[in-house]
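K.L.:
Next up, final_28.cif (mmCIF, C-alpha atoms).
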```cif
data_work
#
loop_
_atom_site.label_atom_id
_atom_site.label_comp_id
_atom_site.auth_asym_id
_atom_site.auth_seq_id
_atom_site.Cartn_x
_atom_site.Cartn_y
_atom_site.Cartn_z
CA MET X 140 -69.77 87.92 216.87
CA VAL X 141 -72.54 90.39 217.38
CA ASP X 142 -75.46 90.15 215.02
CA GLU X 143 -77.81 92.61 216.60
CA ALA X 144 -77.83 95.96 218.32
CA VAL X 145 -75.70 96.41 221.45
CA ASN X 146 -77.02 97.90 224.67
CA CYS X 147 -75.41 100.58 226.86
CA GLU X 148 -73.75 98.11 229.22
CA ARG X 149 -72.06 96.38 226.31
CA VAL X 150 -70.82 99.72 224.99
CA TRP X 151 -69.38 100.70 228.40
CA HIS X 152 -67.70 97.34 228.64
CA GLU X 153 -66.08 97.67 225.24
CA VAL X 154 -65.49 101.40 225.01
CA SER X 155 -61.83 101.17 226.03
CA ASN X 156 -61.18 98.38 223.52
CA TYR X 157 -63.04 100.46 220.94
CA LEU X 158 -60.55 103.29 221.48
CA GLU X 159 -57.70 100.82 221.24
CA GLY X 160 -59.04 99.61 217.88
CA GLU X 161 -59.44 96.17 219.43
CA VAL X 162 -63.05 95.37 218.64
CA ASP X 163 -63.95 93.38 215.56
CA ALA X 164 -65.66 95.03 212.62
CA THR X 165 -69.13 93.70 213.44
CA LEU X 166 -69.06 94.95 217.00
CA ARG X 167 -67.61 98.26 215.92
CA THR X 168 -70.46 98.77 213.46
CA ALA X 169 -73.01 97.87 216.12
CA MET X 170 -71.38 100.27 218.59
CA ASP X 171 -71.27 103.04 216.00
CA GLU X 172 -74.98 102.55 215.37
CA HIS X 173 -75.72 102.70 219.09
CA LEU X 174 -73.57 105.79 219.58
CA LYS X 175 -75.49 107.65 216.90
CA THR X 176 -78.61 107.62 219.00
CA CYS X 177 -77.41 107.31 222.63
CA SER X 178 -76.12 110.58 224.06
CA ARG X 179 -75.10 108.97 227.37
CA CYS X 180 -72.81 106.49 225.66
CA ARG X 181 -71.46 109.25 223.44
CA SER X 182 -70.60 111.25 226.54
CA VAL X 183 -68.77 108.21 227.92
CA LEU X 184 -66.79 107.74 224.70
CA ASP X 185 -66.00 111.44 224.29
CA GLY X 186 -64.98 111.75 227.92
CA MET X 187 -62.73 108.72 227.72
CA ARG X 188 -61.10 110.14 224.61
CA ASN X 189 -60.46 113.34 226.52
CA VAL X 190 -58.91 111.41 229.39
CA VAL X 191 -56.56 109.57 227.02
CA GLU X 192 -55.64 112.76 225.23
CA LEU X 193 -55.07 114.88 228.34
CA TYR X 194 -52.97 112.37 230.24
CA GLY X 195 -51.04 111.45 227.12
CA ASP X 196 -49.75 115.00 226.87
CA GLU X 197 -46.19 115.41 228.11
CA ARG X 198 -47.12 118.70 229.79
CA MET X 199 -48.99 116.64 232.36
CA ILE X 200 -45.73 115.31 233.74
CA GLU X 201 -44.29 117.58 236.37
CA VAL X 202 -40.84 116.82 237.67
CA PRO X 203 -39.31 118.34 240.82
CA ALA X 204 -37.23 121.47 240.30
CA GLY X 205 -33.64 120.62 239.40
CA PHE X 206 -34.50 117.03 238.51
CA GLY X 207 -32.70 117.05 235.16
CA ARG X 208 -29.63 118.76 236.58
CA ARG X 209 -29.28 116.24 239.41
CA LEU X 210 -29.75 113.33 237.02
CA GLU X 211 -27.16 114.73 234.65
CA LYS X 212 -24.69 115.14 237.49
CA ARG X 213 -25.19 111.62 238.77
CA LEU X 214 -24.78 110.17 235.29
CA ALA X 215 -21.66 112.25 234.71
CA GLN X 216 -20.14 110.93 237.94
CA SER X 217 -20.96 107.41 236.91
CA ALA X 218 -19.56 107.95 233.41
CA ARG X 219 -16.28 109.20 234.90
CA VAL X 220 -15.95 106.23 237.23
CA SER X 221 -16.81 103.90 234.41
CA SER X 222 -14.28 105.54 232.06
CA LYS X 223 -11.50 105.16 234.61
CA ARG X 224 -12.32 101.53 235.04
CA TRP X 225 -12.22 100.87 231.35
CA SER X 226 -9.18 100.34 229.22
CA SER X 227 -7.26 103.30 227.88
CA TRP X 228 -8.88 103.33 224.44
CA SER X 229 -12.10 104.65 225.89
CA ALA X 230 -10.24 107.47 227.65
CA TRP X 231 -9.07 109.04 224.39
CA LEU X 232 -12.55 108.75 222.98
CA VAL X 233 -13.80 111.40 225.42
CA PRO X 234 -11.85 114.32 223.95
CA VAL X 235 -12.42 112.96 220.45
CA ALA X 236 -16.16 112.84 221.10
CA ALA X 237 -16.04 116.33 222.55
CA LEU X 238 -14.24 117.63 219.49
CA LEU X 239 -16.64 115.88 217.16
CA LEU X 240 -19.62 117.23 219.00
CA ILE X 241 -18.36 120.77 219.35
CA ALA X 242 -17.08 120.97 215.79
CA GLY X 243 -20.46 120.19 214.32
CA GLY X 244 -20.63 116.52 215.19
CA LEU X 245 -24.38 116.76 214.77
CA ARG X 246 -24.01 116.56 211.02
CA VAL X 247 -21.58 113.70 211.36
CA ALA X 248 -24.15 111.92 213.48
CA GLN X 249 -26.66 111.69 210.67
CA SER X 250 -24.31 109.76 208.43
CA TRP X 251 -23.06 107.44 211.13
CA ARG X 252 -23.02 103.69 210.50
CA VAL X 253 -25.88 101.52 211.64
CA ASN X 254 -25.32 99.93 215.01
CA PRO X 255 -23.79 96.58 214.11
CA GLN X 256 -26.04 94.92 216.69
CA ARG X 257 -29.18 95.92 214.83
CA SER X 258 -31.26 93.16 213.40
CA GLU X 259 -31.22 93.06 209.63
CA HIS X 260 -35.04 93.04 209.82
CA ALA X 261 -35.31 96.19 211.89
CA GLN X 262 -36.41 99.15 209.84
CA PRO X 263 -34.87 102.51 210.61
CA PRO X 264 -37.60 104.72 212.11
CA LYS X 265 -38.58 107.63 209.91
CA GLY X 266 -39.87 111.10 210.60
CA ILE X 267 -43.38 112.01 209.54
CA PRO X 268 -43.36 112.03 205.71
CA PRO X 269 -44.25 115.60 204.68
CA ASP X 270 -46.76 114.40 202.09
CA LEU X 271 -48.50 111.95 204.43
CA THR X 272 -52.25 112.42 204.22
CA VAL X 273 -53.59 113.48 207.60
CA VAL X 274 -56.83 114.87 208.94
CA VAL X 275 -57.66 117.61 211.41
CA ALA X 276 -60.96 118.33 213.09
CA ALA X 277 -62.31 121.81 213.67
CA ASP X 278 -61.24 123.41 216.99
CA THR X 279 -58.59 120.85 217.86
CA LYS X 280 -54.83 121.00 218.01
CA LEU X 281 -53.86 117.52 216.86
CA PHE X 282 -53.57 116.04 213.42
CA HIS X 283 -54.24 112.35 212.91
CA ALA X 284 -53.88 109.53 210.45
CA PRO X 285 -57.31 109.02 208.84
CA GLY X 286 -59.38 106.60 210.91
CA CYS X 287 -57.64 107.31 214.25
CA ASP X 288 -60.00 106.62 217.13
CA LEU X 289 -58.88 109.64 219.07
CA ILE X 290 -60.31 112.13 216.59
CA HIS X 291 -62.73 114.54 218.18
CA ASN X 292 -65.55 115.99 216.22
CA ALA X 293 -65.03 113.36 213.53
CA GLN X 294 -67.93 114.62 211.42
CA ASN X 295 -66.09 117.80 210.64
CA LEU X 296 -62.74 116.78 209.22
CA ARG X 297 -60.36 118.46 206.88
CA THR X 298 -57.76 116.51 204.90
CA LEU X 299 -54.31 117.90 204.26
CA THR X 300 -50.68 116.85 204.21
CA ALA X 301 -48.56 116.44 207.32
CA LYS X 302 -46.39 119.32 206.14
CA GLN X 303 -49.37 121.65 205.86
CA ALA X 304 -50.69 120.51 209.23
CA LEU X 305 -47.36 121.28 210.89
CA GLU X 306 -47.17 124.63 209.16
CA GLU X 307 -50.63 125.46 210.44
CA GLY X 308 -49.52 124.77 213.97
CA PHE X 309 -51.12 121.36 214.52
CA THR X 310 -49.21 118.75 216.48
CA PRO X 311 -49.13 115.02 215.66
CA CYS X 312 -51.42 112.65 217.58
CA PRO X 313 -49.23 110.65 219.97
CA ARG X 314 -51.35 107.56 219.39
CA CYS X 315 -51.87 107.05 215.66
CA LEU X 316 -48.63 108.74 214.59
CA ARG X 317 -46.58 107.20 217.35
CA LYS X 318 -44.34 105.25 214.99
CA TYR X 319 -43.09 108.51 213.49
CA LEU X 320 -43.16 110.61 216.59
CA GLU X 321 -40.16 109.89 218.72
CA THR X 322 -37.79 109.78 215.83
CA SER X 323 -39.15 112.97 214.31
CA LYS X 324 -38.72 114.74 217.64
CA LEU X 325 -35.18 113.49 217.84
CA GLU X 326 -34.33 114.43 214.31
CA LYS X 327 -35.09 118.00 215.18
CA TRP X 328 -32.55 118.02 218.02
CA PRO X 329 -31.06 120.34 219.02
CA HIS X 330 -34.21 122.44 219.19
CA SER X 331 -32.20 125.57 219.76
CA GLU X 332 -28.75 127.03 219.82
CA ASP X 333 -29.00 127.02 223.65
CA GLU X 334 -29.59 123.32 223.74
CA PHE X 335 -26.55 122.71 221.56
CA GLN X 336 -24.50 125.03 223.76
CA GLU X 337 -25.70 123.25 226.89
CA SER X 338 -24.57 119.95 225.48
CA ALA X 339 -21.18 121.33 224.46
CA GLU X 340 -20.69 122.77 227.95
CA TYR X 341 -21.58 119.44 229.46
CA VAL X 342 -18.91 117.67 227.45
CA ASP X 343 -16.49 120.42 228.33
CA ASP X 344 -17.24 119.93 232.02
CA LEU X 345 -16.54 116.26 231.64
CA LYS X 346 -13.22 116.94 229.98
CA HIS X 347 -12.12 119.14 232.83
CA GLY X 348 -13.45 116.85 235.51
CA ARG X 349 -16.00 119.36 236.81
CA MET G 145 -9.42 108.34 214.19
CA ALA G 146 -9.28 105.53 211.66
CA GLU G 147 -12.51 104.13 212.98
CA ALA G 148 -14.21 107.50 212.87
CA ASN G 149 -13.09 108.07 209.29
CA ALA G 150 -14.28 104.68 208.23
CA VAL G 151 -17.78 105.28 209.55
CA LEU G 152 -17.89 108.82 208.17
CA HIS G 153 -17.65 107.36 204.72
CA ASN G 154 -20.40 104.91 205.22
CA PRO G 155 -23.52 106.98 204.64
CA GLU G 156 -26.67 105.31 205.85
CA ALA G 157 -29.87 107.00 204.82
CA GLY G 158 -32.52 107.21 207.50
CA LYS G 159 -30.09 106.80 210.36
CA THR G 160 -31.50 108.62 213.28
CA ARG G 161 -29.73 110.62 215.89
CA GLU G 162 -30.96 108.29 218.63
CA GLN G 163 -29.59 105.18 216.97
CA ASP G 164 -26.35 106.98 216.43
CA LEU G 165 -26.13 107.99 220.08
CA ILE G 166 -26.93 104.46 221.22
CA ALA G 167 -24.20 103.04 219.00
CA ARG G 168 -21.68 105.58 220.24
CA VAL G 169 -22.50 105.00 223.90
CA GLN G 170 -22.29 101.26 223.28
CA ARG G 171 -18.81 101.83 221.89
CA GLY G 172 -17.83 103.57 225.11
CA GLN G 173 -18.65 107.25 224.65
CA ASN G 174 -20.18 107.39 228.09
CA GLU G 175 -20.49 111.14 228.17
CA LEU G 176 -23.18 111.01 225.49
CA PHE G 177 -25.51 108.93 227.61
CA TYR G 178 -27.33 111.84 229.21
CA GLU G 179 -27.97 113.32 225.81
CA LEU G 180 -29.49 109.99 224.78
CA VAL G 181 -31.87 109.72 227.74
CA LYS G 182 -32.71 113.40 228.18
CA PRO G 183 -35.83 113.27 225.97
CA TYR G 184 -37.23 110.54 228.25
CA GLU G 185 -36.25 111.77 231.69
CA ARG G 186 -39.73 113.10 232.46
CA ARG G 187 -41.43 109.91 231.40
CA VAL G 188 -39.02 107.83 233.45
CA TYR G 189 -39.83 109.94 236.49
CA ALA G 190 -43.57 109.66 235.86
CA ALA G 191 -43.36 105.87 235.63
CA ALA G 192 -41.47 105.67 238.93
CA LEU G 193 -43.90 108.06 240.59
CA ALA G 194 -46.93 106.06 239.44
CA ILE G 195 -45.58 103.05 241.28
CA LEU G 196 -44.01 104.66 244.34
CA ARG G 197 -46.25 107.71 244.89
CA ASN G 198 -43.46 109.53 246.65
CA GLU G 199 -41.50 112.22 244.87
CA SER G 200 -38.12 111.65 246.44
CA ASP G 201 -38.33 107.86 246.05
CA ALA G 202 -39.44 108.36 242.45
CA GLU G 203 -36.50 110.63 241.71
CA ASP G 204 -34.08 108.23 243.32
CA VAL G 205 -35.47 105.27 241.42
CA ALA G 206 -35.49 107.26 238.18
CA GLN G 207 -31.78 107.94 238.66
CA GLU G 208 -31.08 104.32 239.59
CA ALA G 209 -32.96 103.14 236.50
CA MET G 210 -30.94 105.45 234.27
CA LEU G 211 -27.71 104.16 235.82
CA LYS G 212 -28.86 100.61 235.26
CA ALA G 213 -29.70 101.39 231.64
CA PHE G 214 -26.25 102.95 231.27
CA ALA G 215 -24.56 99.88 232.76
CA ASN G 216 -26.54 97.59 230.44
CA ILE G 217 -26.59 99.69 227.30
CA ARG G 218 -24.60 97.09 225.38
CA GLN G 219 -27.41 94.62 225.90
CA PHE G 220 -29.94 96.92 224.27
CA ARG G 221 -31.09 95.55 220.93
CA ALA G 222 -32.57 97.82 218.32
CA GLU G 223 -35.54 95.50 217.79
CA SER G 224 -37.26 97.25 220.68
CA ARG G 225 -37.79 100.95 221.12
CA PHE G 226 -35.25 102.61 223.36
CA SER G 227 -37.92 104.51 225.31
CA THR G 228 -39.83 101.29 226.01
CA TRP G 229 -36.66 99.61 227.18
CA LEU G 230 -35.95 102.51 229.55
CA ILE G 231 -39.47 102.53 230.95
CA GLN G 232 -39.38 98.78 231.49
CA ILE G 233 -36.14 99.07 233.46
CA THR G 234 -37.69 101.86 235.51
CA VAL G 235 -40.85 99.90 236.28
CA ASN G 236 -38.73 96.97 237.32
CA GLU G 237 -36.58 99.10 239.63
CA ALA G 238 -39.65 100.76 241.13
CA LEU G 239 -41.41 97.45 241.76
CA MET G 240 -38.28 96.07 243.41
CA ARG G 241 -38.02 99.15 245.60
CA ARG G 242 -41.64 98.85 246.63
CA ARG G 243 -41.30 95.17 247.44
CA ARG G 244 -38.28 95.97 249.57
CA GLU G 245 -40.08 98.71 251.42
CA ARG G 246 -43.53 97.22 251.51
CA THR G 247 -43.45 96.97 255.29
CA VAL G 248 -43.21 100.72 255.62
CA THR G 249 -45.41 101.77 252.73
CA MET G 250 -48.59 103.54 253.71
CA GLU G 251 -50.64 102.55 250.71
CA PRO G 252 -53.05 99.70 251.37
CA ILE G 253 -52.47 96.62 249.29
CA ASP G 254 -55.37 96.39 246.90
CA ASP G 255 -54.65 93.17 245.10
CA ARG G 256 -57.46 91.23 246.72
CA GLY G 257 -59.43 89.28 244.17
CA GLU G 258 -59.72 89.90 240.47
CA GLU G 259 -60.62 93.30 239.17
CA GLN G 260 -64.25 94.00 238.54
CA ALA G 261 -65.00 94.57 234.91
CA ASP G 262 -68.56 95.68 235.52
CA TYR G 263 -67.82 99.22 236.60
CA ALA G 264 -70.52 101.44 235.15
CA PRO G 265 -70.10 105.13 234.42
CA ARG G 266 -71.81 107.40 236.91
CA GLU G 267 -71.35 110.75 235.34
CA PHE G 268 -72.95 111.66 232.04
CA ALA G 269 -71.98 115.28 231.78
CA ASP G 270 -71.36 116.34 228.24
CA TRP G 271 -67.60 116.44 227.93
CA ARG G 272 -66.95 116.53 224.26
CA GLU G 273 -64.29 119.07 223.59
CA ILE G 274 -61.22 119.91 225.61
CA PRO G 275 -59.05 122.81 224.69
CA SER G 276 -55.55 121.44 225.00
CA GLU G 277 -54.53 124.89 226.25
CA ALA G 278 -56.24 123.89 229.49
CA LEU G 279 -53.06 121.99 230.32
CA GLU G 280 -51.17 125.25 230.45
CA ARG G 281 -53.04 125.97 233.67
CA LYS G 282 -51.47 124.61 236.80
CA GLU G 283 -54.83 124.24 238.48
CA VAL G 284 -56.01 121.88 235.73
CA ARG G 285 -52.82 119.83 235.86
CA GLN G 286 -53.19 119.53 239.63
CA LYS G 287 -56.80 118.33 239.32
CA LEU G 288 -55.74 115.73 236.78
CA ALA G 289 -52.82 114.58 238.91
CA ALA G 290 -55.05 114.34 241.99
CA ALA G 291 -57.64 112.30 240.09
CA LEU G 292 -54.95 109.90 238.91
CA ALA G 293 -53.41 109.62 242.39
CA SER G 294 -56.81 108.70 243.82
CA LEU G 295 -57.03 105.50 241.74
CA ASP G 296 -56.17 102.18 243.30
CA ARG G 297 -52.67 101.07 242.55
CA LYS G 298 -53.47 98.37 240.04
CA TYR G 299 -55.57 100.72 237.92
CA ARG G 300 -53.16 103.62 238.21
CA GLU G 301 -50.14 101.58 237.12
CA VAL G 302 -51.77 100.15 234.03
CA PHE G 303 -53.22 103.51 233.06
CA VAL G 304 -49.89 105.31 233.43
CA LEU G 305 -47.93 102.77 231.44
CA ARG G 306 -50.46 102.67 228.61
CA ASP G 307 -51.78 106.22 228.43
CA VAL G 308 -48.98 108.34 229.90
CA GLU G 309 -45.96 106.31 228.85
CA HIS G 310 -47.55 105.07 225.61
CA LEU G 311 -46.42 101.47 226.02
CA ASN G 312 -48.71 99.15 224.09
CA ILE G 313 -51.00 96.65 225.84
CA GLN G 314 -48.53 93.79 225.47
CA GLU G 315 -45.59 95.85 226.75
CA THR G 316 -47.67 97.05 229.70
CA ALA G 317 -48.56 93.46 230.57
CA GLU G 318 -44.92 92.40 230.38
CA ALA G 319 -43.64 95.33 232.44
CA LEU G 320 -46.10 94.63 235.26
CA GLY G 321 -46.00 90.84 234.99
CA ILE G 322 -49.77 90.52 234.45
CA SER G 323 -51.89 89.12 231.63
CA VAL G 324 -53.03 91.06 228.57
CA ALA G 325 -56.64 90.42 229.63
CA SER G 326 -55.95 92.00 233.03
CA VAL G 327 -54.38 95.02 231.37
CA LYS G 328 -57.48 95.52 229.22
CA THR G 329 -59.87 95.15 232.15
CA ARG G 330 -57.91 97.49 234.40
CA LEU G 331 -57.44 99.99 231.63
CA LEU G 332 -61.17 100.11 230.96
CA ARG G 333 -61.91 100.66 234.60
CA ALA G 334 -59.17 103.25 235.11
CA ARG G 335 -60.32 105.26 232.09
CA LEU G 336 -63.96 105.10 233.17
CA MET G 337 -63.13 106.17 236.71
CA LEU G 338 -60.99 109.07 235.54
CA ARG G 339 -63.70 110.12 233.14
CA ASP G 340 -66.22 110.10 235.99
CA LEU G 341 -63.87 112.04 238.25
CA LEU G 342 -63.15 114.67 235.61
CA ALA G 343 -66.40 114.97 233.68
CA GLY G 344 -67.96 116.81 236.62
CA GLY G 345 -65.01 119.17 236.61
CA TRP G 346 -65.71 119.98 233.01
CA GLU G 347 -69.18 121.14 233.99
CA ARG G 348 -67.74 123.20 236.82
CA GLY G 349 -65.47 124.95 234.36
CA TRP G 350 -61.97 123.62 235.14
CA PHE G 351 -61.23 123.26 231.50
CA SER G 352 -62.90 126.37 230.22
CA ARG G 353 -60.84 128.14 227.67
CA LEU G 354 -62.29 131.52 228.54
CA PRO G 355 -64.01 131.35 231.88
CA PHE G 356 -65.55 134.81 231.63
CA GLU G 357 -66.42 134.83 227.97
CA LYS G 358 -69.72 136.02 226.53
CA GLY G 359 -69.92 138.93 228.92
CA ALA G 360 -70.47 136.78 231.99
CA LYS G 361 -68.73 138.29 234.99
CA PRO G 362 -67.51 136.22 237.90
CA TRP G 363 -68.58 138.83 240.43
#
```
Take the structure from the file and write it as structure tokens.
P.N.:
Amino acid sequence: MVDEAVNCERVWHEVSNYLEGEVDATLRTAMDEHLKTCSRCRSVLDGMRNVVELYGDERMIEVPAGFGRRLEKRLAQSARVSSKRWSSWSAWLVPVAALLLIAGGLRVAQSWRVNPQRSEHAQPPKGIPPDLTVVVAADTKLFHAPGCDLIHNAQNLRTLTAKQALEEGFTPCPRCLRKYLETSKLEKWPHSEDEFQESAEYVDDLKHGR
Amino acid sequence: MAEANAVLHNPEAGKTREQDLIARVQRGQNELFYELVKPYERRVYAAALAILRNESDAEDVAQEAMLKAFANIRQFRAESRFSTWLIQITVNEALMRRRRERTVTMEPIDDRGEEQADYAPREFADWREIPSEALERKEVRQKLAAALASLDRKYREVFVLRDVEHLNIQETAEALGISVASVKTRLLRARLMLRDLLAGGWERGWFSRLPFEKGAKPW
């Protein structure tokens, strides 16, 4: 427990835990007090936030040209080998799956039964609720759950709903809204007609052994 | 078709596309596997690259990891997140590859002693606001990638799993086989070092939204 003011070294030592939300309330208050008056420590905290935000952005990941295509091909080869090895029931599933997918299987997918192996305690992930209260700071692109440690410019916040934030072009913070994020991305699939077409062609290729 | 009809009439609110794909692949619809993993292919590659530091090895291991996930998809349990499961398989494959090839790897082994927690920031440039559009610029992405690549292995791996792959601290510790305390210490140091490496760049204008704004001319 910290009963008195913290010094710079203590702040540097705890700044990463601070961003993780892993410091206790007393220390957090002491750090907040220190940060109000120490510009050096503020620059450390702000810079570290920037690091986390920049590297957490998927655009940072560059893959070699053709990476996805080669992966897809290798998986398709493996799927074919695996299908041949399996009993005949799985063989007829391929054209059935293709038909389902091509004939609007996407809608079917949303009403599909829960995986029987799921734990009864596991909650189905949800997309971001449209009326979730979120905050945005001036001059930033992300929207956050209130209290998120990655918020820049936290003195200048605006509160709105997730729906409004999305409509205004903000994107969800990958840290505080993580629990909603992957599923909400997936729910939007396919993102375009092209993507759907690509998938249908892939299944078609499989059917014809290409 | 009887099975398909039966499940069609069992509406389950909140069922996501990913869970559906997993269930279908687990039932043998192999051709849907790529669709299932496609959203994560970049992250899988990044995890392999963080450990192997060689693009062709990383691609190979990423493919191997996906094949392994495919072969073991029936063992996946919905209690964990699918993306985390995939990344953990990838980290495992990459670590095995590196152990196998350690004799030929060029990177020095930097596991001597415990990590130092007393790293102090050296750079105090004001680096408050980053326009996220900066990432649209290849030059900025290259600077960031170079800064990350310059970190010692143990810092780079923890940083990538936590801050690039978004595993939590516990998952990062499990994937790398190290303690939670080590993850926290290494993460602190990695973030401080990257901040130091990049804060100077901010002053030099790497991240400027409009480098020539306010009438200033570069010539």
K.L.:
What is the CA of Arg306 (chain G) to CA of His152 (chain X) distance in Å?
P.N.:
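Calculated distance between CA of Arg306 (chain G) and CA of His152 (chain X) is 18.0 Å.
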K.L.:
With the PyMOL selection byres ((chain G) within 7 of (chain X)) as the selection, what would be picked from this file? Answer as a VMD selection string, please.
P.N.:
chain G and resid 151 to 152 154 to 156 158 to 162 164 167 172 to 175 178 186 190 207 211 221 to 223 264 268 to 272 274 279 285 307 to 308 332 335 to 336 338 to 339 343
K.L.:
Separation of CA of His310 (chain G) and CA of Val181 (chain G), in Å?
P.N.:
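Distance reported for this atom pair: 16.5 Å.
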K.L.:
Return the single residue from G:Ala291, G:Leu193, G:Ala334, G:Ile217 that is closest to Arg168 (chain G), with distances computed using only C-alpha atoms.
P.N.:
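When distances to Arg168 (chain G) are compared using only C-alpha atoms, the smallest one comes from G:Ile217.
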K.L.:
Give me, please, the distance in Å between CA of Leu342 (chain G) and CA of Ala289 (chain G), quoted to one decimal.
P.N.:
10.8 Å
K.L.:
Using the chain letters and residue numbers of this document, give as a ChimeraX atom specification the residues selected by the PyMOL selection byres ((chain G and resi 315) around 12).
P.N.:
/G:224-225,227-229,231-232,235,302,305-306,309-314,316-324,327
K.L.:
Could you list the residues chosen by the PyMOL selection byres ((chain X and resi 163-174) around 7) in this structure as an MDAnalysis selection string?
P.N.:
chainID X and resid 140:141 144:145 150 161:162 175:177 180:181
K.L.:
Ranking G:Pro183, G:Gln170, G:Gly345, G:Asn236 by minimum distance to Val284 (chain G) and counting all atoms listed in the file, which one comes first?
P.N.:
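Comparing G:Pro183, G:Gln170, G:Gly345, G:Asn236 against Val284 (chain G), the winner is G:Gly345.
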